[in-house]
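For reference, the structure is listed below as structure tokens.
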Amino acid sequence: CKTLHITFISHRYVPQPTADSVRMASMVSCARSRRHRITVISNRNARPQHDETFIKTYLQPPDNTHSIVHRSIKEFLLGINIVWKMVWHKTDVYVITSPCYITALITWLFAWVQGRKFICDIRDNYPDALTNTGNMQHNNPILKIFYKLNGFVFNRALAVSYVVPDDTDFIAKYNVVPLVVSNGFDIHQTTTHKKPDDSFNILFHGGFGRMYDMDMFNAVAEGLKHTVPHKNITVTVIGQGINAHKFNPDYITISPPIASHEVYKTLEKYHLGMLFLTDNPSNKKCFPVKAFEYFGQNMPVVINDNNLCATYIKQHNTGIVADTAADAIQGVQHLYENQNTYDAMVANIKNTKQPLSRQYQNTKLLAYLETCFKENP
């Protein structure tokens, strides 16, 4: 395949330790390894990780601590800012990620206006997510406009890449070429460092957003301390977010966020990943990036039974799926007291994790792009 000029557009990028920045950075690395020319358009706090051309936006993306109106305005303005950069930019193809949804929608539309080929990379299913989170009612006329615009741009894209393997309901709404490109873990950053023997350490890291069940985190941490007080079991959270203040410091050690390149080194000290999600429609098809990172570092995961990750764990026996905090406490205690059970879970992770790597997943996207330009240069 000829060398392509691929432009990746993401409202965040490394070294920011967010799911979107890590996803885009891994796609860039994969494209670079296949000898393509790369440009990244992102915010002014981001940095190039290799030798890619970097175009910075003046505006910063909004965060989820603001109201929906505030975020929408900032997303719109950021979209206009990116479009201004695109006006003077020539490329073979754009890969544009969403969310920020309104930002992505504007840039998808402008890529079509430019006559450029583009891929829509979907991490959250907008506008569905607006109703699932209660930000919009189903009969809102703006929602209907979003659905029509989605259909317009998706039908004109080279493909729609999305992260959830069984999200066929979302894709079936549109006439598109679907590409499943799951988030995955970075195989080049994983380590084989031996876990500590003198304690059993449990971790939750990343963004503490509304998708997580903070009450269950606290109940499990408190229950472990009271149920097995003589055991050296620690519970730690690392990161930041709108729900950070809800963690109970009496039972949980709270640490500041770490950079994306420090994640796997940090995970060396922990035996078990912890993920408890709220019960809403969006989470039912959720496989959090954190879970991929735990599996990449050979860590079983304790999670509640309301999401896609739980289904994967039950299929492959790579962790604990708990309906209640009491179930989670009992499962963790069993793993702590039964080394053979823990070792068997770790062995299952090692035997099944290769397709979960970002490198494996991103190759599908790049191979498809190369095929498109080979057939229609």
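Ordering of the structure tokens sets the chain letters (A, B, ...), residue numbers begin anew at 1 in every chain, and ligands are numbered from 1 in the order given.
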
(request) Going by DSSP on the backbone, which bits of range 207-325 of chain A are helix (DSSP H, G or I)? Write them as number ranges by chain, please. (result) A: 214-227, 244-246, 260-267, 283-285, 289-296, 308-316, 325

Selection above as a file: N, CA and C atoms, as a compact mmCIF listing (two decimals), in the first residue's frame:
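Wrote result15.txt, looks like this:
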```
# COMPACT_ATOMS: atom_id res chain seq x y z
N MET A 214 -20.38 4.89 43.28
CA MET A 214 -19.50 5.25 44.39
C MET A 214 -19.92 4.57 45.69
N ASP A 215 -21.22 4.38 45.88
CA ASP A 215 -21.69 3.72 47.09
C ASP A 215 -21.16 2.30 47.20
N MET A 216 -21.09 1.61 46.06
CA MET A 216 -20.60 0.23 46.09
C MET A 216 -19.10 0.18 46.35
N PHE A 217 -18.35 1.14 45.77
CA PHE A 217 -16.91 1.22 46.08
C PHE A 217 -16.70 1.34 47.58
N ASN A 218 -17.42 2.28 48.19
CA ASN A 218 -17.24 2.52 49.62
C ASN A 218 -17.70 1.33 50.46
N ALA A 219 -18.81 0.71 50.05
CA ALA A 219 -19.34 -0.42 50.82
C ALA A 219 -18.38 -1.61 50.78
N VAL A 220 -17.78 -1.85 49.63
CA VAL A 220 -16.83 -2.96 49.51
C VAL A 220 -15.57 -2.67 50.33
N ALA A 221 -15.04 -1.46 50.22
CA ALA A 221 -13.84 -1.10 50.98
C ALA A 221 -14.08 -1.19 52.48
N GLU A 222 -15.22 -0.66 52.92
CA GLU A 222 -15.55 -0.73 54.34
C GLU A 222 -15.76 -2.17 54.78
N GLY A 223 -16.46 -2.94 53.96
CA GLY A 223 -16.73 -4.33 54.31
C GLY A 223 -15.48 -5.16 54.42
N LEU A 224 -14.52 -4.92 53.54
CA LEU A 224 -13.26 -5.67 53.60
C LEU A 224 -12.51 -5.35 54.90
N LYS A 225 -12.54 -4.09 55.29
CA LYS A 225 -11.83 -3.70 56.50
C LYS A 225 -12.45 -4.33 57.75
N HIS A 226 -13.79 -4.43 57.76
CA HIS A 226 -14.48 -4.96 58.93
C HIS A 226 -14.57 -6.48 58.92
N THR A 227 -14.65 -7.05 57.72
CA THR A 227 -14.81 -8.50 57.61
C THR A 227 -13.49 -9.23 57.80
N ALA A 244 -14.89 12.40 42.88
CA ALA A 244 -13.73 12.10 43.73
C ALA A 244 -14.03 12.33 45.21
N HIS A 245 -14.83 13.32 45.51
CA HIS A 245 -15.10 13.66 46.91
C HIS A 245 -15.98 12.63 47.61
N LYS A 246 -16.55 11.71 46.85
CA LYS A 246 -17.47 10.73 47.43
C LYS A 246 -16.76 9.50 48.00
N SER A 260 -0.42 8.90 31.39
CA SER A 260 -0.75 7.66 30.68
C SER A 260 0.43 6.71 30.60
N HIS A 261 1.66 7.24 30.48
CA HIS A 261 2.83 6.37 30.35
C HIS A 261 3.24 5.75 31.69
N GLU A 262 2.60 6.18 32.78
CA GLU A 262 2.93 5.63 34.10
C GLU A 262 1.96 4.55 34.56
N VAL A 263 0.90 4.31 33.79
CA VAL A 263 -0.18 3.43 34.24
C VAL A 263 0.32 2.02 34.53
N TYR A 264 0.99 1.40 33.57
CA TYR A 264 1.34 -0.01 33.72
C TYR A 264 2.41 -0.22 34.80
N LYS A 265 3.32 0.72 34.90
CA LYS A 265 4.32 0.66 35.98
C LYS A 265 3.63 0.74 37.33
N THR A 266 2.62 1.59 37.44
CA THR A 266 1.87 1.73 38.69
C THR A 266 1.11 0.45 39.02
N LEU A 267 0.54 -0.19 38.01
CA LEU A 267 -0.27 -1.39 38.22
C LEU A 267 0.56 -2.57 38.75
N ASN A 283 -24.20 1.87 30.30
CA ASN A 283 -23.22 0.99 30.94
C ASN A 283 -23.42 -0.48 30.60
N LYS A 284 -24.61 -0.86 30.16
CA LYS A 284 -24.86 -2.26 29.84
C LYS A 284 -23.96 -2.75 28.71
N LYS A 285 -23.53 -1.83 27.86
CA LYS A 285 -22.64 -2.19 26.75
C LYS A 285 -21.24 -1.59 26.94
N VAL A 289 -11.96 1.14 29.70
CA VAL A 289 -10.53 1.07 29.37
C VAL A 289 -9.73 0.51 30.53
N LYS A 290 -10.13 0.87 31.75
CA LYS A 290 -9.41 0.39 32.94
C LYS A 290 -9.34 -1.13 32.98
N ALA A 291 -10.43 -1.79 32.58
CA ALA A 291 -10.46 -3.25 32.60
C ALA A 291 -9.43 -3.82 31.64
N PHE A 292 -9.33 -3.24 30.44
CA PHE A 292 -8.31 -3.69 29.50
C PHE A 292 -6.91 -3.55 30.11
N GLU A 293 -6.68 -2.44 30.78
CA GLU A 293 -5.36 -2.20 31.38
C GLU A 293 -5.08 -3.19 32.49
N TYR A 294 -6.08 -3.52 33.30
CA TYR A 294 -5.89 -4.53 34.34
C TYR A 294 -5.55 -5.88 33.72
N PHE A 295 -6.29 -6.28 32.69
CA PHE A 295 -6.01 -7.55 32.03
C PHE A 295 -4.62 -7.53 31.39
N GLY A 296 -4.25 -6.41 30.80
CA GLY A 296 -2.92 -6.31 30.21
C GLY A 296 -1.81 -6.55 31.21
N LEU A 308 -20.89 -5.12 29.83
CA LEU A 308 -20.28 -6.07 28.90
C LEU A 308 -19.01 -6.71 29.46
N CYS A 309 -18.26 -5.95 30.23
CA CYS A 309 -17.03 -6.48 30.82
C CYS A 309 -17.34 -7.66 31.74
N ALA A 310 -18.43 -7.56 32.50
CA ALA A 310 -18.82 -8.67 33.38
C ALA A 310 -19.12 -9.93 32.57
N THR A 311 -19.75 -9.76 31.42
CA THR A 311 -20.03 -10.91 30.56
C THR A 311 -18.73 -11.57 30.11
N TYR A 312 -17.76 -10.76 29.72
CA TYR A 312 -16.46 -11.29 29.30
C TYR A 312 -15.78 -12.05 30.45
N ILE A 313 -15.83 -11.49 31.64
CA ILE A 313 -15.19 -12.13 32.80
C ILE A 313 -15.82 -13.48 33.10
N LYS A 314 -17.15 -13.55 33.01
CA LYS A 314 -17.82 -14.82 33.27
C LYS A 314 -17.48 -15.87 32.20
N GLN A 315 -17.33 -15.42 30.97
CA GLN A 315 -17.00 -16.35 29.88
C GLN A 315 -15.58 -16.92 30.02
N HIS A 316 -14.65 -16.10 30.52
CA HIS A 316 -13.24 -16.48 30.53
C HIS A 316 -12.68 -16.72 31.93
N ALA A 325 -22.46 -5.72 47.10
CA ALA A 325 -21.19 -5.46 47.79
C ALA A 325 -20.78 -6.68 48.61
```

(message) I want to know what sits within 12 Å of Asn362 in chain A, based on only C-alpha atoms, with residues of the same chain fewer than 3 positions away left out; could you give that as a PyMOL selection string?
(response) chain A and resi 23-34+121+161-163+179-186+355-359+365-369

Selected residues written out, N, CA, C and O atoms, as a short mmCIF file (atom, residue, chain, number, x, y, z; two decimals), in the first residue's frame:
```
data_model
loop_
_atom_site.label_atom_id
_atom_site.label_comp_id
_atom_site.auth_asym_id
_atom_site.auth_seq_id
_atom_site.Cartn_x
_atom_site.Cartn_y
_atom_site.Cartn_z
N ARG A 23 -6.46 6.29 23.36
CA ARG A 23 -6.96 5.60 22.15
C ARG A 23 -6.36 6.20 20.89
O ARG A 23 -5.86 5.48 20.01
N MET A 24 -6.39 7.53 20.78
CA MET A 24 -5.84 8.17 19.60
C MET A 24 -4.32 7.96 19.49
O MET A 24 -3.79 7.72 18.41
N ALA A 25 -3.63 8.05 20.62
CA ALA A 25 -2.18 7.87 20.60
C ALA A 25 -1.81 6.47 20.12
O ALA A 25 -0.83 6.28 19.38
N SER A 26 -2.58 5.47 20.51
CA SER A 26 -2.28 4.11 20.07
C SER A 26 -2.56 3.93 18.58
O SER A 26 -1.84 3.21 17.88
N MET A 27 -3.61 4.60 18.06
CA MET A 27 -3.87 4.55 16.63
C MET A 27 -2.74 5.21 15.85
O MET A 27 -2.31 4.73 14.80
N VAL A 28 -2.26 6.33 16.38
CA VAL A 28 -1.14 7.04 15.74
C VAL A 28 0.10 6.14 15.70
O VAL A 28 0.79 6.04 14.68
N SER A 29 0.39 5.47 16.81
CA SER A 29 1.55 4.59 16.86
C SER A 29 1.43 3.45 15.85
O SER A 29 2.41 3.08 15.19
N CYS A 30 0.23 2.91 15.71
CA CYS A 30 0.01 1.84 14.75
C CYS A 30 0.21 2.34 13.32
O CYS A 30 0.86 1.68 12.50
N ALA A 31 -0.34 3.52 13.02
CA ALA A 31 -0.17 4.09 11.68
C ALA A 31 1.30 4.38 11.39
O ALA A 31 1.79 4.17 10.28
N ARG A 32 2.00 4.87 12.39
CA ARG A 32 3.43 5.17 12.23
C ARG A 32 4.22 3.90 11.96
O ARG A 32 5.14 3.88 11.13
N SER A 33 3.86 2.81 12.66
CA SER A 33 4.58 1.54 12.45
C SER A 33 4.36 0.99 11.05
O SER A 33 5.17 0.18 10.56
N ARG A 34 3.30 1.44 10.38
CA ARG A 34 3.01 0.99 9.02
C ARG A 34 3.48 2.02 7.98
O ARG A 34 3.07 1.99 6.82
N ASP A 121 -14.93 7.79 14.40
CA ASP A 121 -14.55 6.90 15.49
C ASP A 121 -15.45 7.20 16.69
O ASP A 121 -15.40 8.30 17.25
N SER A 161 -15.97 3.37 13.10
CA SER A 161 -15.31 2.49 14.05
C SER A 161 -15.90 2.73 15.43
O SER A 161 -16.18 3.87 15.81
N TYR A 162 -16.11 1.66 16.17
CA TYR A 162 -16.72 1.80 17.49
C TYR A 162 -16.13 0.76 18.42
O TYR A 162 -15.51 -0.22 17.98
N VAL A 163 -16.31 0.96 19.73
CA VAL A 163 -15.52 0.21 20.70
C VAL A 163 -16.22 -1.03 21.24
O VAL A 163 -15.57 -1.91 21.80
N LEU A 179 -16.71 -1.04 11.89
CA LEU A 179 -15.42 -1.59 12.29
C LEU A 179 -15.36 -1.62 13.81
O LEU A 179 -15.44 -0.58 14.45
N VAL A 180 -15.24 -2.79 14.39
CA VAL A 180 -15.09 -2.89 15.84
C VAL A 180 -13.61 -2.71 16.17
O VAL A 180 -12.77 -3.53 15.80
N VAL A 181 -13.29 -1.61 16.84
CA VAL A 181 -11.92 -1.33 17.27
C VAL A 181 -11.97 -1.06 18.77
O VAL A 181 -12.14 0.08 19.21
N SER A 182 -11.87 -2.11 19.56
CA SER A 182 -11.99 -1.97 21.01
C SER A 182 -10.80 -1.19 21.56
O SER A 182 -9.75 -1.09 20.92
N ASN A 183 -10.96 -0.66 22.76
CA ASN A 183 -9.92 0.19 23.34
C ASN A 183 -8.63 -0.58 23.60
O ASN A 183 -7.56 -0.21 23.16
N GLY A 184 -8.70 -1.65 24.35
CA GLY A 184 -7.54 -2.51 24.55
C GLY A 184 -6.49 -1.96 25.49
O GLY A 184 -6.61 -0.87 26.04
N PHE A 185 -5.42 -2.75 25.67
CA PHE A 185 -4.27 -2.36 26.47
C PHE A 185 -3.04 -2.25 25.57
O PHE A 185 -3.02 -2.83 24.46
N ASP A 186 -2.05 -1.52 26.03
CA ASP A 186 -0.83 -1.31 25.24
C ASP A 186 0.17 -2.42 25.55
O ASP A 186 0.78 -2.45 26.61
N PRO A 355 -5.95 -10.82 21.90
CA PRO A 355 -6.85 -10.00 21.05
C PRO A 355 -7.34 -8.72 21.71
O PRO A 355 -7.95 -7.88 21.04
N LEU A 356 -7.09 -8.55 23.01
CA LEU A 356 -7.52 -7.34 23.71
C LEU A 356 -6.50 -6.21 23.61
O LEU A 356 -6.75 -5.12 24.10
N SER A 357 -5.36 -6.46 22.99
CA SER A 357 -4.33 -5.42 22.91
C SER A 357 -4.73 -4.34 21.91
O SER A 357 -5.42 -4.61 20.91
N ARG A 358 -4.32 -3.12 22.16
CA ARG A 358 -4.57 -2.02 21.23
C ARG A 358 -3.91 -2.29 19.88
O ARG A 358 -4.45 -1.92 18.83
N GLN A 359 -2.74 -2.90 19.91
CA GLN A 359 -2.02 -3.16 18.67
C GLN A 359 -2.84 -4.09 17.77
O GLN A 359 -2.96 -3.86 16.55
N LEU A 365 -8.24 -1.35 11.85
CA LEU A 365 -8.57 -0.05 11.28
C LEU A 365 -7.62 0.33 10.16
O LEU A 365 -8.03 0.73 9.07
N LEU A 366 -6.31 0.19 10.42
CA LEU A 366 -5.32 0.59 9.42
C LEU A 366 -5.36 -0.31 8.19
O LEU A 366 -5.21 0.17 7.06
N ALA A 367 -5.58 -1.60 8.40
CA ALA A 367 -5.66 -2.52 7.26
C ALA A 367 -6.87 -2.17 6.38
O ALA A 367 -6.79 -2.22 5.14
N TYR A 368 -7.98 -1.78 7.01
CA TYR A 368 -9.16 -1.39 6.24
C TYR A 368 -8.88 -0.12 5.44
O TYR A 368 -9.23 -0.02 4.25
N LEU A 369 -8.24 0.87 6.07
CA LEU A 369 -7.91 2.11 5.37
C LEU A 369 -7.02 1.83 4.15
O LEU A 369 -7.24 2.37 3.06
#
```

(message) Would you pick out the contacts of Thr3 in chain A at 8 Å or less, using only C-alpha atoms, so that residues sharing its chain but fewer than 5 positions from it are not included, and give the list as a PyMOL selection string?
(response) chain A and resi 35-37

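Proximity of A:Lys269, A:His334, A:Lys374, A:Arg156 to Ser199 in chain A, computed with only C-alpha atoms, is greatest for A:Lys269.
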
(request) Using DSSP on the backbone coordinates, identify all residues within range 27-183 of chain A classified as strand (DSSP E or B); present the result as a ChimeraX atom specification. (result) /A:37-43,53-57,93-98,117-122,159-162,178-180

For the selection just defined, write its residues with N, CA, C and O atoms to a file, as a short mmCIF file (atom, residue, chain, number, x, y, z; two decimals), in the first residue's frame.
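Generated output (part_10.cif):
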```cif
data_model
loop_
_atom_site.label_atom_id
_atom_site.label_comp_id
_atom_site.auth_asym_id
_atom_site.auth_seq_id
_atom_site.Cartn_x
_atom_site.Cartn_y
_atom_site.Cartn_z
N ARG A 37 2.28 8.76 6.86
CA ARG A 37 2.53 10.13 7.31
C ARG A 37 1.37 10.56 8.20
O ARG A 37 0.21 10.33 7.87
N ILE A 38 1.69 11.20 9.32
CA ILE A 38 0.66 11.44 10.34
C ILE A 38 0.62 12.91 10.74
O ILE A 38 1.66 13.54 10.97
N THR A 39 -0.62 13.42 10.88
CA THR A 39 -0.86 14.71 11.51
C THR A 39 -1.88 14.50 12.62
O THR A 39 -2.82 13.71 12.47
N VAL A 40 -1.70 15.21 13.73
CA VAL A 40 -2.65 15.18 14.84
C VAL A 40 -3.15 16.59 15.08
O VAL A 40 -2.35 17.53 15.18
N ILE A 41 -4.47 16.75 15.17
CA ILE A 41 -5.07 18.02 15.57
C ILE A 41 -5.70 17.81 16.95
O ILE A 41 -6.59 16.97 17.12
N SER A 42 -5.21 18.56 17.94
CA SER A 42 -5.71 18.41 19.31
C SER A 42 -5.49 19.70 20.08
O SER A 42 -5.05 20.71 19.52
N ASN A 43 -5.76 19.67 21.38
CA ASN A 43 -5.72 20.90 22.18
C ASN A 43 -4.30 21.32 22.53
O ASN A 43 -3.35 20.54 22.39
N THR A 53 3.31 15.36 12.74
CA THR A 53 3.02 16.79 12.65
C THR A 53 1.89 17.10 13.62
O THR A 53 0.91 16.36 13.71
N PHE A 54 2.02 18.21 14.36
CA PHE A 54 1.04 18.50 15.40
C PHE A 54 0.44 19.88 15.18
O PHE A 54 1.16 20.87 15.01
N ILE A 55 -0.90 19.95 15.15
CA ILE A 55 -1.62 21.20 14.99
C ILE A 55 -2.44 21.42 16.25
O ILE A 55 -3.30 20.59 16.58
N LYS A 56 -2.22 22.52 16.94
CA LYS A 56 -2.89 22.77 18.20
C LYS A 56 -4.09 23.70 18.02
O LYS A 56 -4.02 24.68 17.28
N THR A 57 -5.16 23.39 18.75
CA THR A 57 -6.30 24.30 18.80
C THR A 57 -6.09 25.29 19.94
O THR A 57 -5.40 24.99 20.92
N VAL A 93 -6.94 11.30 4.41
CA VAL A 93 -8.09 10.83 5.17
C VAL A 93 -8.02 11.35 6.60
O VAL A 93 -6.94 11.52 7.17
N TYR A 94 -9.19 11.64 7.16
CA TYR A 94 -9.31 12.02 8.57
C TYR A 94 -9.82 10.83 9.39
O TYR A 94 -10.69 10.08 8.92
N VAL A 95 -9.31 10.68 10.60
CA VAL A 95 -9.92 9.80 11.61
C VAL A 95 -10.33 10.73 12.75
O VAL A 95 -9.46 11.30 13.43
N ILE A 96 -11.63 10.89 12.95
CA ILE A 96 -12.15 11.90 13.88
C ILE A 96 -12.95 11.19 14.97
O ILE A 96 -13.91 10.47 14.69
N THR A 97 -12.56 11.42 16.23
CA THR A 97 -13.17 10.69 17.34
C THR A 97 -14.25 11.50 18.05
O THR A 97 -14.20 12.73 18.08
N SER A 98 -15.22 10.79 18.59
CA SER A 98 -16.31 11.39 19.36
C SER A 98 -16.54 10.56 20.61
O SER A 98 -16.48 9.33 20.56
N LYS A 117 -11.93 12.07 2.48
CA LYS A 117 -12.41 10.82 3.06
C LYS A 117 -12.21 10.88 4.57
O LYS A 117 -11.26 11.46 5.07
N PHE A 118 -13.13 10.23 5.29
CA PHE A 118 -13.03 10.30 6.76
C PHE A 118 -13.64 9.06 7.39
O PHE A 118 -14.51 8.39 6.81
N ILE A 119 -13.15 8.76 8.59
CA ILE A 119 -13.70 7.70 9.43
C ILE A 119 -14.24 8.33 10.70
O ILE A 119 -13.57 9.17 11.32
N CYS A 120 -15.45 7.95 11.08
CA CYS A 120 -16.04 8.41 12.34
C CYS A 120 -15.70 7.38 13.42
O CYS A 120 -16.14 6.23 13.34
N ASP A 121 -14.93 7.79 14.40
CA ASP A 121 -14.55 6.90 15.49
C ASP A 121 -15.45 7.20 16.69
O ASP A 121 -15.40 8.30 17.25
N ILE A 122 -16.25 6.22 17.09
CA ILE A 122 -17.28 6.42 18.11
C ILE A 122 -16.87 5.71 19.39
O ILE A 122 -16.72 4.49 19.42
N ALA A 159 -16.06 4.55 6.97
CA ALA A 159 -16.49 3.55 7.95
C ALA A 159 -16.81 4.25 9.25
O ALA A 159 -16.45 5.42 9.46
N VAL A 160 -17.50 3.54 10.12
CA VAL A 160 -17.70 3.97 11.50
C VAL A 160 -17.02 2.94 12.39
O VAL A 160 -17.40 1.78 12.40
N SER A 161 -15.97 3.37 13.10
CA SER A 161 -15.31 2.49 14.05
C SER A 161 -15.90 2.73 15.43
O SER A 161 -16.18 3.87 15.81
N TYR A 162 -16.11 1.66 16.17
CA TYR A 162 -16.72 1.80 17.49
C TYR A 162 -16.13 0.76 18.42
O TYR A 162 -15.51 -0.22 17.98
N PRO A 178 -19.24 -1.03 9.40
CA PRO A 178 -18.87 -1.03 10.81
C PRO A 178 -17.50 -1.67 11.04
O PRO A 178 -17.18 -2.70 10.46
N LEU A 179 -16.71 -1.04 11.89
CA LEU A 179 -15.42 -1.59 12.29
C LEU A 179 -15.36 -1.62 13.81
O LEU A 179 -15.44 -0.58 14.45
N VAL A 180 -15.24 -2.79 14.39
CA VAL A 180 -15.09 -2.89 15.84
C VAL A 180 -13.61 -2.71 16.17
O VAL A 180 -12.77 -3.53 15.80
#
```

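Residue nearest His50 in chain A, chosen from A:Ala104, A:Ile73, A:Val14, A:Asp213 and counting only C-alpha atoms: A:Val14.
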
(message) Which residues are near Ile82 in chain A? Cut-off 12 Å, only C-alpha atoms, ignore same chain within fewer than 3 positions. Put them as a PyMOL selection string.
(response) chain A and resi 8-11+40-44+55-61+75-79+85-89+96+102-111
